[in-house]
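Undergrad: Structure incoming, see below.
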Amino acid sequence: MGYIYVIITTIMFSLIGTCVTLAKTWVSSDVISFARFFFGVIFLLAFMLITKKKVSLRFTGSAIWLGVICKCVNYLTENYAISMGYSFGSIIGWPVQCVAILLFSIFFLKEKLTKTAVAGVILCVTGVIVISLNGQSVGQFFTGDGLISLVLFVIAGTGAAGFTVAQKMLLDKMDSCNLNLSMFALCACITAAPLPITAEFTGEFSFSALFGLMMLGMVTCAAFLLSAEAMKTIPVFIVTVIQSMSVILTLIWAVLFFNEPVTAWIISGTLIFLCGMILVNKKKKKA
């Protein structure tokens with residue numbers, strides 16, 4: 001069942017850019033971030049009520065707060081960056097997440113860095129650069145919004161990696177429902193705090209925008225719940241590499257739903273960093 005869960009989450013993750021793009025026509029990115037957590041908590045509570053699971057929240061511990069901080073950073077930066085540009089921009093987060101998890105393994109778990117892993121990292125970085133430049137000159141890249149978007153997505157990917165690590169650290173101590181509910185509830189409170197000052201309506205209300213917000217909440221609930229369950233039987237690096245294939249679907253949705261300019265540079269960069277991720281995780285598989 002673990003692989004079925006991962007496939008479902010892969011499809012869900014591929015829709016994130018689409019949902020944020022729908023939602024940004026109505027509200028600002030900070031509202032979108034809060035809504036992802038808020039609706040995630042609502043859906044998760046409903047799921048636990050239906051399945052008669054006991055709610056047991058936990059708000060203390062370094063691993064809990066590692067996950068909370070990393071996930072807040074992940075969503076705030078990712079949603080803002082997508083709101084600045086195209087729905088497919090978040091694909092950059094996947095190779096960043098892969099490299100960040102590798103670095104965590106090296107510095108904290110004392111794993112050795114192999115030549116295969118180094119080659120994978122180089123390909124991941126190369127793919128990100130190719131996507132970010134997208135045929136522009138370096139000068140054009142630095143004078144436009146490209147550099148800001150790249151930095152934001154790098155931060156978002158690093159935050160996603162930290163959250164994945166925190167989940168793995170807690171799976172032996174908490175069930176996945178209460179694990180995610182605890183962290184998402186805290187994240188909702190943190191992201192709600194500045195809204196009275198920063199929240200903005202970017203356009204008129206639409207049911208498509210509301211649908212996007214609710215779908216983001218469902219993804220937050222279901223995808224991470226299924227990911228946590230999958231990681232009980234599948235190594236975290238395999239979960240990450242399978243879910244990263246969602247970038248292909250993300251590019252397809254970008255063209256189908258929004259007619260966004262997915263160029264040959266974007267496709268080439270994506271294929272390059274996917275090869276890099278496979279090499280990085282091939283190293284981990286042998287460890």
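Ligands are numbered from 1 in the order shown, residues from 1 within each chain, and chains are lettered A, B, ... in the order they appear in the structure tokens.
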Using only C-alpha atoms, determine which residues lie at most 10 Å from Ile267 of chain A, disregarding the query and same-chain residues fewer than 2 positions distant; provide the list as a list in words.
TA: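 Neighbouring residues, sequence-local ones excluded: Gly127, Val130, Ile131, Asn134, Val247, Ile248, Leu251, Val262, Thr263, Ala264, Trp265, Gly269, Thr270, Leu271 and Ile272 of chain A.
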Undergrad: Taking the chain letters and numbering used in this document, name the residues of segment 7-236 of chain A that DSSP puts in alpha helix (DSSP H), as a ChimeraX atom specification.
TA: /A:7-14,16-23,29-50,62-84,93-108,115-133,138-143,146-170,176-192,195-198,207-218,224-230,236
Undergrad: Per residue of segment 82-130 of chain A within 7 Å of segment 10-25 of chain A, note the shortest atom pair and the distance in Å to one decimal, counting only C-alpha atoms, and order the rows by chain and increasing residue number, as a tab-separated table.
TA:
```
residue	atom	partner	partner_atom	distance
A:Ile82	CA	A:Gly17	CA	6.9
A:Ser83	CA	A:Lys24	CA	6.2
A:Ser87	CA	A:Gly17	CA	4.3
A:Phe88	CA	A:Gly17	CA	5.9
A:Ser90	CA	A:Gly17	CA	6.7
```
Undergrad: Could the residues in this selection be saved with all heavy atoms as a PDB file, in the first residue's frame?
TA:
```pdb
ATOM      1  N   ILE A  82       5.032  31.641  -6.137  1.00  0.00           N
ATOM      2  CA  ILE A  82       4.068  31.271  -7.184  1.00  0.00           C
ATOM      3  C   ILE A  82       3.176  32.457  -7.528  1.00  0.00           C
ATOM      4  O   ILE A  82       2.835  32.674  -8.693  1.00  0.00           O
ATOM      5  CB  ILE A  82       3.215  30.067  -6.735  1.00  0.00           C
ATOM      6  CG1 ILE A  82       4.082  28.817  -6.583  1.00  0.00           C
ATOM      7  CG2 ILE A  82       2.104  29.785  -7.752  1.00  0.00           C
ATOM      8  CD1 ILE A  82       3.341  27.604  -6.041  1.00  0.00           C
ATOM      9  N   SER A  83       2.791  33.221  -6.509  1.00  0.00           N
ATOM     10  CA  SER A  83       1.941  34.392  -6.745  1.00  0.00           C
ATOM     11  C   SER A  83       2.647  35.428  -7.611  1.00  0.00           C
ATOM     12  O   SER A  83       2.001  36.219  -8.306  1.00  0.00           O
ATOM     13  CB  SER A  83       1.536  35.029  -5.409  1.00  0.00           C
ATOM     14  OG  SER A  83       0.732  34.145  -4.646  1.00  0.00           O
ATOM     15  N   SER A  87       2.439  29.067 -12.387  1.00  0.00           N
ATOM     16  CA  SER A  87       2.030  27.970 -11.496  1.00  0.00           C
ATOM     17  C   SER A  87       3.076  26.866 -11.421  1.00  0.00           C
ATOM     18  O   SER A  87       3.146  26.142 -10.427  1.00  0.00           O
ATOM     19  CB  SER A  87       0.698  27.378 -11.974  1.00  0.00           C
ATOM     20  OG  SER A  87       0.828  26.759 -13.250  1.00  0.00           O
ATOM     21  N   PHE A  88       3.905  26.724 -12.473  1.00  0.00           N
ATOM     22  CA  PHE A  88       4.876  25.633 -12.486  1.00  0.00           C
ATOM     23  C   PHE A  88       6.177  25.988 -11.765  1.00  0.00           C
ATOM     24  O   PHE A  88       7.087  25.161 -11.678  1.00  0.00           O
ATOM     25  CB  PHE A  88       5.193  25.190 -13.925  1.00  0.00           C
ATOM     26  CG  PHE A  88       5.810  26.252 -14.785  1.00  0.00           C
ATOM     27  CD1 PHE A  88       7.157  26.575 -14.665  1.00  0.00           C
ATOM     28  CD2 PHE A  88       5.061  26.924 -15.733  1.00  0.00           C
ATOM     29  CE1 PHE A  88       7.734  27.548 -15.458  1.00  0.00           C
ATOM     30  CE2 PHE A  88       5.629  27.899 -16.548  1.00  0.00           C
ATOM     31  CZ  PHE A  88       6.969  28.209 -16.404  1.00  0.00           C
ATOM     32  N   SER A  90       7.020  26.162  -8.763  1.00  0.00           N
ATOM     33  CA  SER A  90       7.358  25.385  -7.568  1.00  0.00           C
ATOM     34  C   SER A  90       8.149  24.116  -7.865  1.00  0.00           C
ATOM     35  O   SER A  90       8.648  23.473  -6.938  1.00  0.00           O
ATOM     36  CB  SER A  90       6.084  25.006  -6.803  1.00  0.00           C
ATOM     37  OG  SER A  90       5.217  24.237  -7.626  1.00  0.00           O
TER      38      SER A  90
END
```
Undergrad: Which residue gives the smallest distance to Leu210 of chain A among A:Tyr86, A:Phe184, A:Phe39, A:Trp253, with only C-alpha atoms counted?
TA: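 Among A:Tyr86, A:Phe184, A:Phe39, A:Trp253, it is A:Phe39 that comes nearest to Leu210 of chain A.
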Undergrad: So that I can check the surroundings of Leu113 of chain A, please list as an mmCIF file with all heavy atoms, in the first residue's frame every protein, DNA and RNA residue that reaches within 10 Å of it, counting only C-alpha atoms and ignoring chain neighbours fewer than 2 positions away.
TA:
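around_17.cif written:
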```cif
data_model
loop_
_atom_site.group_PDB
_atom_site.id
_atom_site.type_symbol
_atom_site.label_atom_id
_atom_site.label_comp_id
_atom_site.auth_asym_id
_atom_site.auth_seq_id
_atom_site.Cartn_x
_atom_site.Cartn_y
_atom_site.Cartn_z
ATOM 1 N N LEU A 102 20.020 15.329 1.491
ATOM 2 C CA LEU A 102 21.350 14.731 1.378
ATOM 3 C C LEU A 102 22.322 15.400 2.343
ATOM 4 O O LEU A 102 23.077 14.733 3.056
ATOM 5 C CB LEU A 102 21.857 14.861 -0.053
ATOM 6 C CG LEU A 102 23.320 14.442 -0.280
ATOM 7 C CD1 LEU A 102 23.495 12.951 -0.046
ATOM 8 C CD2 LEU A 102 23.767 14.815 -1.692
ATOM 9 N N LEU A 103 22.306 16.727 2.378
ATOM 10 C CA LEU A 103 23.200 17.461 3.271
ATOM 11 C C LEU A 103 22.896 17.152 4.738
ATOM 12 O O LEU A 103 23.811 17.035 5.555
ATOM 13 C CB LEU A 103 23.087 18.967 3.007
ATOM 14 C CG LEU A 103 23.575 19.440 1.637
ATOM 15 C CD1 LEU A 103 23.322 20.929 1.461
ATOM 16 C CD2 LEU A 103 25.057 19.117 1.450
ATOM 17 N N SER A 105 21.756 14.357 5.848
ATOM 18 C CA SER A 105 22.290 13.011 6.090
ATOM 19 C C SER A 105 23.798 13.035 6.299
ATOM 20 O O SER A 105 24.341 12.285 7.108
ATOM 21 C CB SER A 105 21.942 12.094 4.903
ATOM 22 O OG SER A 105 20.553 11.984 4.729
ATOM 23 N N ILE A 106 24.476 13.910 5.566
ATOM 24 C CA ILE A 106 25.933 13.981 5.663
ATOM 25 C C ILE A 106 26.376 14.618 6.982
ATOM 26 O O ILE A 106 27.241 14.092 7.686
ATOM 27 C CB ILE A 106 26.509 14.774 4.473
ATOM 28 C CG1 ILE A 106 26.297 13.989 3.172
ATOM 29 C CG2 ILE A 106 27.997 15.060 4.687
ATOM 30 C CD1 ILE A 106 26.621 14.779 1.927
ATOM 31 N N LYS A 110 26.010 11.532 9.488
ATOM 32 C CA LYS A 110 27.391 11.123 9.206
ATOM 33 C C LYS A 110 27.509 10.161 8.027
ATOM 34 O O LYS A 110 28.392 9.299 8.009
ATOM 35 C CB LYS A 110 28.020 10.493 10.458
ATOM 36 C CG LYS A 110 27.953 11.376 11.707
ATOM 37 C CD LYS A 110 28.580 12.731 11.495
ATOM 38 C CE LYS A 110 28.482 13.596 12.745
ATOM 39 N NZ LYS A 110 29.049 14.951 12.527
ATOM 40 N N GLU A 111 26.621 10.299 7.043
ATOM 41 C CA GLU A 111 26.745 9.486 5.840
ATOM 42 C C GLU A 111 27.870 10.037 4.971
ATOM 43 O O GLU A 111 28.168 11.236 5.001
ATOM 44 C CB GLU A 111 25.431 9.473 5.057
ATOM 45 C CG GLU A 111 24.307 8.739 5.760
ATOM 46 C CD GLU A 111 23.092 8.595 4.863
ATOM 47 O OE1 GLU A 111 23.201 8.877 3.655
ATOM 48 O OE2 GLU A 111 22.033 8.188 5.370
ATOM 49 N N LYS A 115 30.887 9.854 -5.134
ATOM 50 C CA LYS A 115 30.996 10.513 -6.426
ATOM 51 C C LYS A 115 29.639 10.528 -7.139
ATOM 52 O O LYS A 115 29.303 11.495 -7.836
ATOM 53 C CB LYS A 115 32.033 9.800 -7.296
ATOM 54 C CG LYS A 115 33.459 9.924 -6.770
ATOM 55 C CD LYS A 115 34.442 9.207 -7.690
ATOM 56 C CE LYS A 115 35.879 9.344 -7.168
ATOM 57 N NZ LYS A 115 36.843 8.624 -8.042
ATOM 58 N N THR A 116 28.859 9.473 -6.956
ATOM 59 C CA THR A 116 27.528 9.419 -7.566
ATOM 60 C C THR A 116 26.638 10.522 -7.017
ATOM 61 O O THR A 116 25.922 11.205 -7.758
ATOM 62 C CB THR A 116 26.866 8.050 -7.293
ATOM 63 O OG1 THR A 116 27.691 7.011 -7.822
ATOM 64 C CG2 THR A 116 25.487 7.975 -7.935
ATOM 65 N N ALA A 117 26.701 10.718 -5.707
ATOM 66 C CA ALA A 117 25.902 11.767 -5.077
ATOM 67 C C ALA A 117 26.337 13.149 -5.532
ATOM 68 O O ALA A 117 25.508 14.030 -5.781
ATOM 69 C CB ALA A 117 25.993 11.659 -3.558
ATOM 70 N N VAL A 118 27.644 13.343 -5.650
ATOM 71 C CA VAL A 118 28.164 14.630 -6.118
ATOM 72 C C VAL A 118 27.663 14.918 -7.534
ATOM 73 O O VAL A 118 27.226 16.039 -7.848
ATOM 74 C CB VAL A 118 29.707 14.636 -6.094
ATOM 75 C CG1 VAL A 118 30.243 15.891 -6.781
ATOM 76 C CG2 VAL A 118 30.211 14.570 -4.658
ATOM 77 N N VAL A 280 21.352 11.038 -6.765
ATOM 78 C CA VAL A 280 21.494 11.316 -5.323
ATOM 79 C C VAL A 280 20.863 10.217 -4.505
ATOM 80 O O VAL A 280 21.443 9.725 -3.529
ATOM 81 C CB VAL A 280 20.860 12.677 -4.964
ATOM 82 C CG1 VAL A 280 20.791 12.845 -3.453
ATOM 83 C CG2 VAL A 280 21.675 13.819 -5.571
ATOM 84 N N LYS A 283 22.559 6.696 -4.388
ATOM 85 C CA LYS A 283 23.593 6.632 -3.332
ATOM 86 C C LYS A 283 22.986 6.245 -2.000
ATOM 87 O O LYS A 283 23.465 5.397 -1.285
ATOM 88 C CB LYS A 283 24.302 7.979 -3.246
ATOM 89 C CG LYS A 283 25.266 8.095 -2.063
ATOM 90 C CD LYS A 283 24.642 8.831 -0.905
ATOM 91 C CE LYS A 283 25.572 8.833 0.297
ATOM 92 N NZ LYS A 283 24.917 9.417 1.480
ATOM 93 N N LYS A 284 21.847 6.866 -1.663
ATOM 94 C CA LYS A 284 21.219 6.595 -0.371
ATOM 95 C C LYS A 284 20.704 5.181 -0.287
ATOM 96 O O LYS A 284 20.684 4.568 0.764
ATOM 97 C CB LYS A 284 20.068 7.576 -0.140
ATOM 98 C CG LYS A 284 20.534 8.978 0.188
ATOM 99 C CD LYS A 284 19.343 9.824 0.615
ATOM 100 C CE LYS A 284 19.818 11.167 1.095
ATOM 101 N NZ LYS A 284 18.690 11.977 1.577
#
```
Undergrad: Find the residue from A:Phe201, A:Tyr3, A:Phe207, A:Phe273 that sits nearest to Thr233 of chain A; use only C-alpha atoms when measuring.
TA: A:Tyr3
Undergrad: Can you pull out the residues contacting Leu150 of chain A? Cut-off 8 Å, using only C-alpha atoms, and skip same-chain residues under 4 positions away; I want them as a PDB file with C-alpha atoms, in the first residue's frame.
TA:
```pdb
ATOM      1  CA  ILE A  92      12.363  24.045  -8.419  1.00  0.00           C
ATOM      2  CA  SER A 132      15.710  29.815 -13.675  1.00  0.00           C
ATOM      3  CA  GLY A 146      14.052  35.681 -11.531  1.00  0.00           C
ATOM      4  CA  VAL A 154      15.285  27.465  -2.658  1.00  0.00           C
TER       5      VAL A 154
END
```
Undergrad: With only C-alpha atoms as the basis for distance, which of A:Thr114, A:Ala35, A:Leu66, A:Ile122 is at the shortest distance from Cys275 of chain A?
TA: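 With only C-alpha atoms as the atom set, the closest residue is A:Ile122.
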Undergrad: Pick the closest to Ala223 of chain A from A:Cys177, A:Ser149, A:Val165, A:Thr51: which is it, counting only C-alpha atoms?
TA: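 Going through A:Cys177, A:Ser149, A:Val165, A:Thr51 one by one, the smallest distance to Ala223 of chain A is for A:Cys177.
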Undergrad: What are the closest atom pairs, with distances in Å to one decimal, for all residues of segment 185-242 of chain A lying within 10 Å of segment 72-81 of chain A? Consider only C-alpha atoms, order rows by chain and residue number, and present the result as a Markdown table.
TA:
```
| residue | atom | partner | partner_atom | distance |
| --- | --- | --- | --- | --- |
| A:Leu186 | CA | A:Cys72 | CA | 9.4 |
| A:Cys187 | CA | A:Cys72 | CA | 6.0 |
| A:Ala188 | CA | A:Cys72 | CA | 8.6 |
| A:Ile190 | CA | A:Cys72 | CA | 7.9 |
| A:Thr191 | CA | A:Cys72 | CA | 7.2 |
```
Undergrad: Dump N, CA, C and O atoms for the selected residues as a compact mmCIF listing (two decimals), in the first residue's frame?
TA:
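Output below, filename result28.txt:
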```txt
# COMPACT_ATOMS: atom_id res chain seq x y z
N LEU A 186 -0.40 24.30 14.84
CA LEU A 186 0.55 25.33 15.23
C LEU A 186 0.89 26.24 14.06
O LEU A 186 0.98 27.47 14.21
N CYS A 187 1.05 25.65 12.88
CA CYS A 187 1.35 26.44 11.68
C CYS A 187 0.20 27.40 11.36
O CYS A 187 0.43 28.54 10.95
N ALA A 188 -1.03 26.93 11.53
CA ALA A 188 -2.19 27.79 11.27
C ALA A 188 -2.19 28.99 12.21
O ALA A 188 -2.47 30.13 11.78
N ILE A 190 0.43 30.36 13.71
CA ILE A 190 1.56 31.24 13.37
C ILE A 190 1.27 32.07 12.14
O ILE A 190 1.50 33.28 12.10
N THR A 191 0.74 31.42 11.08
CA THR A 191 0.48 32.15 9.83
C THR A 191 -0.74 33.06 9.93
O THR A 191 -0.89 33.98 9.12
```
Undergrad: Within 9 Å of Leu195 of chain A, counting only C-alpha atoms, which residues show up once you throw out same-chain ones fewer than 5 positions away? Write them as a PyMOL selection string, please.
TA: chain A and resi 30-31+34+200
Undergrad: Between atom CA of Asn178 of chain A and atom CA of Phe211 of chain A, what is the distance, to one decimal in Å?
TA: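 We find that atom CA of Asn178 of chain A and atom CA of Phe211 of chain A lie 25.5 Å from each other.
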Undergrad: Find the residue from A:Ala100, A:Leu274, A:Met174, A:Leu44 that sits nearest to Ser56 of chain A; use only C-alpha atoms when measuring.
TA: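 Counting only C-alpha atoms, the residue closest to Ser56 of chain A is A:Met174.
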Undergrad: In Å, rounded to a single decimal, give me how far atom CA of Cys221 of chain A is from atom CA of Lys53 of chain A.
TA: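 If I compute the distance from atom CA of Lys53 of chain A to atom CA of Cys221 of chain A, I get 14.9 Å.
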Undergrad: If we count only C-alpha atoms, what is near Trp65 of chain A at a cut-off of 10 Å, once residues fewer than 5 positions away on the same chain are taken out, given as an MDAnalysis selection string?
TA: chainID A and resid 59:60 70:71 163 166 182:183 186:187
Undergrad: Write out the residues from the selection above, keeping C-alpha atoms, as a PDB file, in the first residue's frame.
TA:
```
ATOM      1  CA  PHE A  59       2.915  21.009  20.988  1.00  0.00           C
ATOM      2  CA  THR A  60       6.307  20.433  22.614  1.00  0.00           C
ATOM      3  CA  CYS A  70      10.141  24.446   8.335  1.00  0.00           C
ATOM      4  CA  LYS A  71       6.589  23.999   7.048  1.00  0.00           C
ATOM      5  CA  PHE A 163       9.552  19.069   7.479  1.00  0.00           C
ATOM      6  CA  ALA A 166      10.817  16.057  11.264  1.00  0.00           C
ATOM      7  CA  SER A 182      -0.323  18.990  15.856  1.00  0.00           C
ATOM      8  CA  MET A 183       2.101  20.642  13.457  1.00  0.00           C
ATOM      9  CA  LEU A 186       0.554  25.328  15.235  1.00  0.00           C
ATOM     10  CA  CYS A 187       1.350  26.440  11.681  1.00  0.00           C
TER      11      CYS A 187
END
```
